[in-house]
Amino acid sequence: MMSFKEKYGAWALITGGTSGIGEAIANQVAAKGLNIILVARRLHLLEEKAKEIEDTHGVLVKIVQADLSKHDDISKVIQASTHLEVGLFVPCAAVETHGLTTKIPLEKELALIQLNITSVFVLTHHFAGKMVNRGTGGVLLVSSIIGHMPNPYLSNYAGSKAYILNFGSSLHWEMKKRGVDITVLSPGPTETPMMDNTNIDMNKMPMAFQKPELVANYGVEALGKKAVVIPGFKNNMMVFMASRVVSTSSAIKMGGEMMEKVLDPKYL
Ligand SMILES: NC(=O)c1ccc[n+]([C@@H]2O[C@H](COP(=O)([O-])OP(=O)(O)OC[C@H]3O[C@@H](n4cnc5c(N)ncnc54)[C@H](OP(=O)(O)O)[C@@H]3O)[C@@H](O)[C@H]2O)c1
């Protein structure tokens, strides 16, 4: 049996690898001996995290400063990795918008679609294509439990995560036959900077936060084994109830009523 490094080396490219779940994935993959390419916008964080990973794990780290909500920056990522064998691709960078959809500026919503969907598709198409030619490699896509159910007031974000879930689970079959592992990680609420900016009163939510390291570990361990992984029993129950037990109209009503209780009223 091939080791993780033999299957997914020599390089792992992780978008959003400087914070939260992406940072935890970068560290766990580096601990397995893979060299890392970090992609994000803030240069100081890229430099700081690159040094931390190099010092801790003794692997090579390259950084690419790119804003993946801008189409032209996607080619920067492709160019920077041209001569490197990327055996693992993790498109983790994403943004969330919340509130009454028609109150959210259109440019913000379009930037979300560009980052959360288009950049993920373009880069997966590129890296998975190279992996198919080599007959090996893996892609760890990052959805959310929100992608498994309706989520009023998070409509565009929920739609983007539903896209990742369906795209990834469908691609899983195509790629499996060609030696490339595709896994979709669907986290529930996780303690990261993204959650600090949601304007949701989490004390009123019937859910507990998980640590990014735990969530990352579910994803990394599921590679090559599962098409979709949801970290933890409570998140699995939530998805099961909302997507399989109650009707779609009940799930919409439950989600909408809950958001109207927990979201700062100025966003409704
Ligand atoms: N936190 C949760 O509760 C939760 C739950 C379910 C799913 N998720 C999913 O998990 C993934 C990671 O979320 P997180 O909470 O760990 O996020 P986070 O801590 O906010 O980190 C986001 C990362 O993405 C980068 N990024 C943001 N906008 C970017 C852009 N336009 N171009 C390039 N890079 C960009 C950020 O760096 P810069 O800002 O420097 O660019 C940062 O490295 C996302 O796909 C999210 O949807 C999170």
# chains A, B, ... in the order shown; residues from 1 in each chain; ligands from 1
call {"tool": "residues_around", "arguments": {"residues": "segment 58-61 of chain A", "least_positions_apart": "6", "cutoff": "7 Å", "atoms": "only C-alpha atoms", "output": "JSON, numbers by chain"}}
result
{"A": [30, 33, 34, 35, 36, 37, 50]}
call {"tool": "write_last_selection", "arguments": {"atoms": "C-alpha atoms", "output": "PDB file, in the first residue's frame"}}
result
ATOM      1  CA  ALA A  30       3.185  18.928   6.131  1.00  0.00           C
ATOM      2  CA  GLY A  33       6.138  15.040   4.733  1.00  0.00           C
ATOM      3  CA  LEU A  34       4.506  16.901   1.819  1.00  0.00           C
ATOM      4  CA  ASN A  35       5.891  20.243   0.652  1.00  0.00           C
ATOM      5  CA  ILE A  36       3.297  23.000   0.796  1.00  0.00           C
ATOM      6  CA  ILE A  37       2.111  25.831  -1.470  1.00  0.00           C
ATOM      7  CA  ALA A  50       5.178  29.535   5.699  1.00  0.00           C
TER       8      ALA A  50
END
call {"tool": "residues_around", "arguments": {"residues": "Ser250 of chain A", "least_positions_apart": "6", "cutoff": "12 Å", "atoms": "only C-alpha atoms", "output": "PyMOL selection string"}}
result
chain A and resi 149-151+241-244+256-257
call {"tool": "write_last_selection", "arguments": {"atoms": "N, CA and C atoms", "output": "CSV table (one decimal), in the first residue's frame"}}
result
chain,number,residue,atom,x,y,z
A,149,MET,N,-28.4,21.4,3.1
A,149,MET,CA,-29.8,21.7,3.5
A,149,MET,C,-30.1,23.2,3.1
A,150,PRO,N,-31.4,23.6,3.1
A,150,PRO,CA,-31.7,25.0,2.8
A,150,PRO,C,-31.3,25.9,4.0
A,151,ASN,N,-30.8,27.1,3.7
A,151,ASN,CA,-30.4,28.0,4.7
A,151,ASN,C,-30.7,29.5,4.4
A,241,MET,N,-31.3,14.7,9.6
A,241,MET,CA,-32.6,15.2,9.9
A,241,MET,C,-33.1,16.2,8.8
A,242,ALA,N,-32.2,17.1,8.5
A,242,ALA,CA,-32.7,18.2,7.6
A,242,ALA,C,-32.8,17.7,6.1
A,243,SER,N,-32.0,16.7,5.8
A,243,SER,CA,-32.0,16.3,4.3
A,243,SER,C,-32.7,15.0,4.1
A,244,ARG,N,-33.0,14.2,5.1
A,244,ARG,CA,-33.6,12.9,4.9
A,244,ARG,C,-34.9,12.7,5.7
A,256,GLY,N,-35.2,29.0,8.3
A,256,GLY,CA,-35.6,30.4,8.3
A,256,GLY,C,-35.9,30.9,9.7
A,257,GLU,N,-36.8,30.2,10.4
A,257,GLU,CA,-37.2,30.6,11.7
A,257,GLU,C,-36.0,30.7,12.7
call {"tool": "residues_around", "arguments": {"residues": "segment 187-201 of chain A", "least_positions_apart": "2", "cutoff": "10 Å", "atoms": "only C-alpha atoms", "output": "ChimeraX atom specification"}}
result
/A:19-21,94-99,142-147,154,184-185,203-205,207-216,218-219,229-232,234-236,238-239,259-267
call {"tool": "atom_distance", "arguments": {"atom1": "atom 45 (O, counted along the ligand's line) of ligand 1", "atom2": "atom CA of Lys177 of chain A"}}
result
26.4 Å
call {"tool": "residues_around", "arguments": {"residues": "His172 of chain A", "least_positions_apart": "5", "cutoff": "12 Å", "atoms": "only C-alpha atoms", "output": "short mmCIF file (atom, residue, chain, number, x, y, z; two decimals) with N, CA and C atoms, in the first residue's frame"}}
result
data_model
loop_
_atom_site.label_atom_id
_atom_site.label_comp_id
_atom_site.auth_asym_id
_atom_site.auth_seq_id
_atom_site.Cartn_x
_atom_site.Cartn_y
_atom_site.Cartn_z
N ALA A 128 -6.61 18.36 -11.20
CA ALA A 128 -7.10 16.98 -11.36
C ALA A 128 -6.72 16.46 -12.74
N GLY A 138 -4.85 13.56 -5.28
CA GLY A 138 -6.10 13.73 -4.54
C GLY A 138 -6.53 15.19 -4.49
N VAL A 139 -7.83 15.39 -4.34
CA VAL A 139 -8.41 16.73 -4.16
C VAL A 139 -9.32 16.66 -2.95
N LEU A 140 -9.09 17.54 -1.99
CA LEU A 140 -9.95 17.63 -0.81
C LEU A 140 -10.75 18.92 -0.91
N LEU A 141 -12.02 18.78 -1.33
CA LEU A 141 -12.89 19.95 -1.48
C LEU A 141 -13.54 20.28 -0.14
N ILE A 164 -20.38 22.75 -4.31
CA ILE A 164 -19.14 21.99 -4.01
C ILE A 164 -19.48 20.54 -3.65
N LEU A 165 -20.53 20.37 -2.85
CA LEU A 165 -20.92 19.02 -2.43
C LEU A 165 -21.30 18.15 -3.64
N ASN A 166 -22.12 18.70 -4.52
CA ASN A 166 -22.59 17.91 -5.65
C ASN A 166 -21.48 17.72 -6.69
N PHE A 167 -20.73 18.79 -6.94
CA PHE A 167 -19.60 18.69 -7.87
C PHE A 167 -18.60 17.63 -7.38
N LYS A 177 -11.84 6.00 -10.92
CA LYS A 177 -11.47 5.05 -11.96
C LYS A 177 -10.12 5.39 -12.60
N ARG A 178 -9.63 6.61 -12.30
CA ARG A 178 -8.38 7.08 -12.93
C ARG A 178 -7.28 7.32 -11.91
N GLY A 179 -7.47 6.76 -10.71
CA GLY A 179 -6.42 6.79 -9.69
C GLY A 179 -6.37 8.06 -8.86
N VAL A 180 -7.38 8.94 -9.01
CA VAL A 180 -7.36 10.22 -8.28
C VAL A 180 -8.48 10.22 -7.23
N ASP A 181 -8.11 10.51 -5.99
CA ASP A 181 -9.09 10.50 -4.89
C ASP A 181 -9.73 11.87 -4.72
N ILE A 182 -11.05 11.90 -4.69
CA ILE A 182 -11.78 13.16 -4.44
C ILE A 182 -12.60 12.96 -3.17
N THR A 183 -12.42 13.86 -2.21
CA THR A 183 -13.22 13.82 -0.97
C THR A 183 -13.80 15.20 -0.71
N VAL A 184 -15.05 15.25 -0.28
CA VAL A 184 -15.67 16.52 0.13
C VAL A 184 -15.77 16.52 1.66
N LEU A 223 -9.45 11.09 2.97
CA LEU A 223 -8.93 11.05 1.59
C LEU A 223 -8.64 9.61 1.17
N GLY A 224 -9.16 9.24 0.02
CA GLY A 224 -8.93 7.88 -0.48
C GLY A 224 -9.89 6.87 0.13
N LYS A 225 -10.70 7.30 1.11
CA LYS A 225 -11.62 6.35 1.76
C LYS A 225 -13.08 6.73 1.55
N LYS A 226 -13.37 8.03 1.62
CA LYS A 226 -14.78 8.45 1.57
C LYS A 226 -15.00 9.52 0.50
N ALA A 227 -16.20 9.55 -0.07
CA ALA A 227 -16.55 10.62 -1.01
C ALA A 227 -16.90 11.89 -0.25
N VAL A 228 -17.60 11.74 0.87
CA VAL A 228 -18.05 12.90 1.66
C VAL A 228 -17.82 12.59 3.13
#
call {"tool": "atom_distance", "arguments": {"atom1": "atom CA of Ser3 of chain A", "atom2": "atom CA of Asn133 of chain A"}}
result
20.0 Å
call {"tool": "closest_residue", "arguments": {"among": "A:Ser75, A:Ser249, A:Ser160, A:Ser81", "to": "ligand 1", "atoms": "only C-alpha atoms and all ligand atoms"}}
result
A:Ser160
call {"tool": "closest_residue", "arguments": {"among": "A:Ile104, A:Ala66, A:Ile74, A:Ile252", "to": "ligand 1", "atoms": "only C-alpha atoms and all ligand atoms"}}
result
A:Ala66
call {"tool": "select_by_dssp", "arguments": {"residues": "segment 88-137 of chain A", "states": "helix (DSSP H, G or I)", "output": "count of residues only"}}
result
32
call {"tool": "atom_distance", "arguments": {"atom1": "atom CA of Asn156 of chain A", "atom2": "atom CA of Glu109 of chain A"}}
result
7.0 Å
call {"tool": "select_by_dssp", "arguments": {"residues": "segment 8-158 of chain A", "states": "strand (DSSP E)", "output": "MDAnalysis selection string"}}
result
chainID A and resid 11:15 35:40 61:65 86:91 137:142
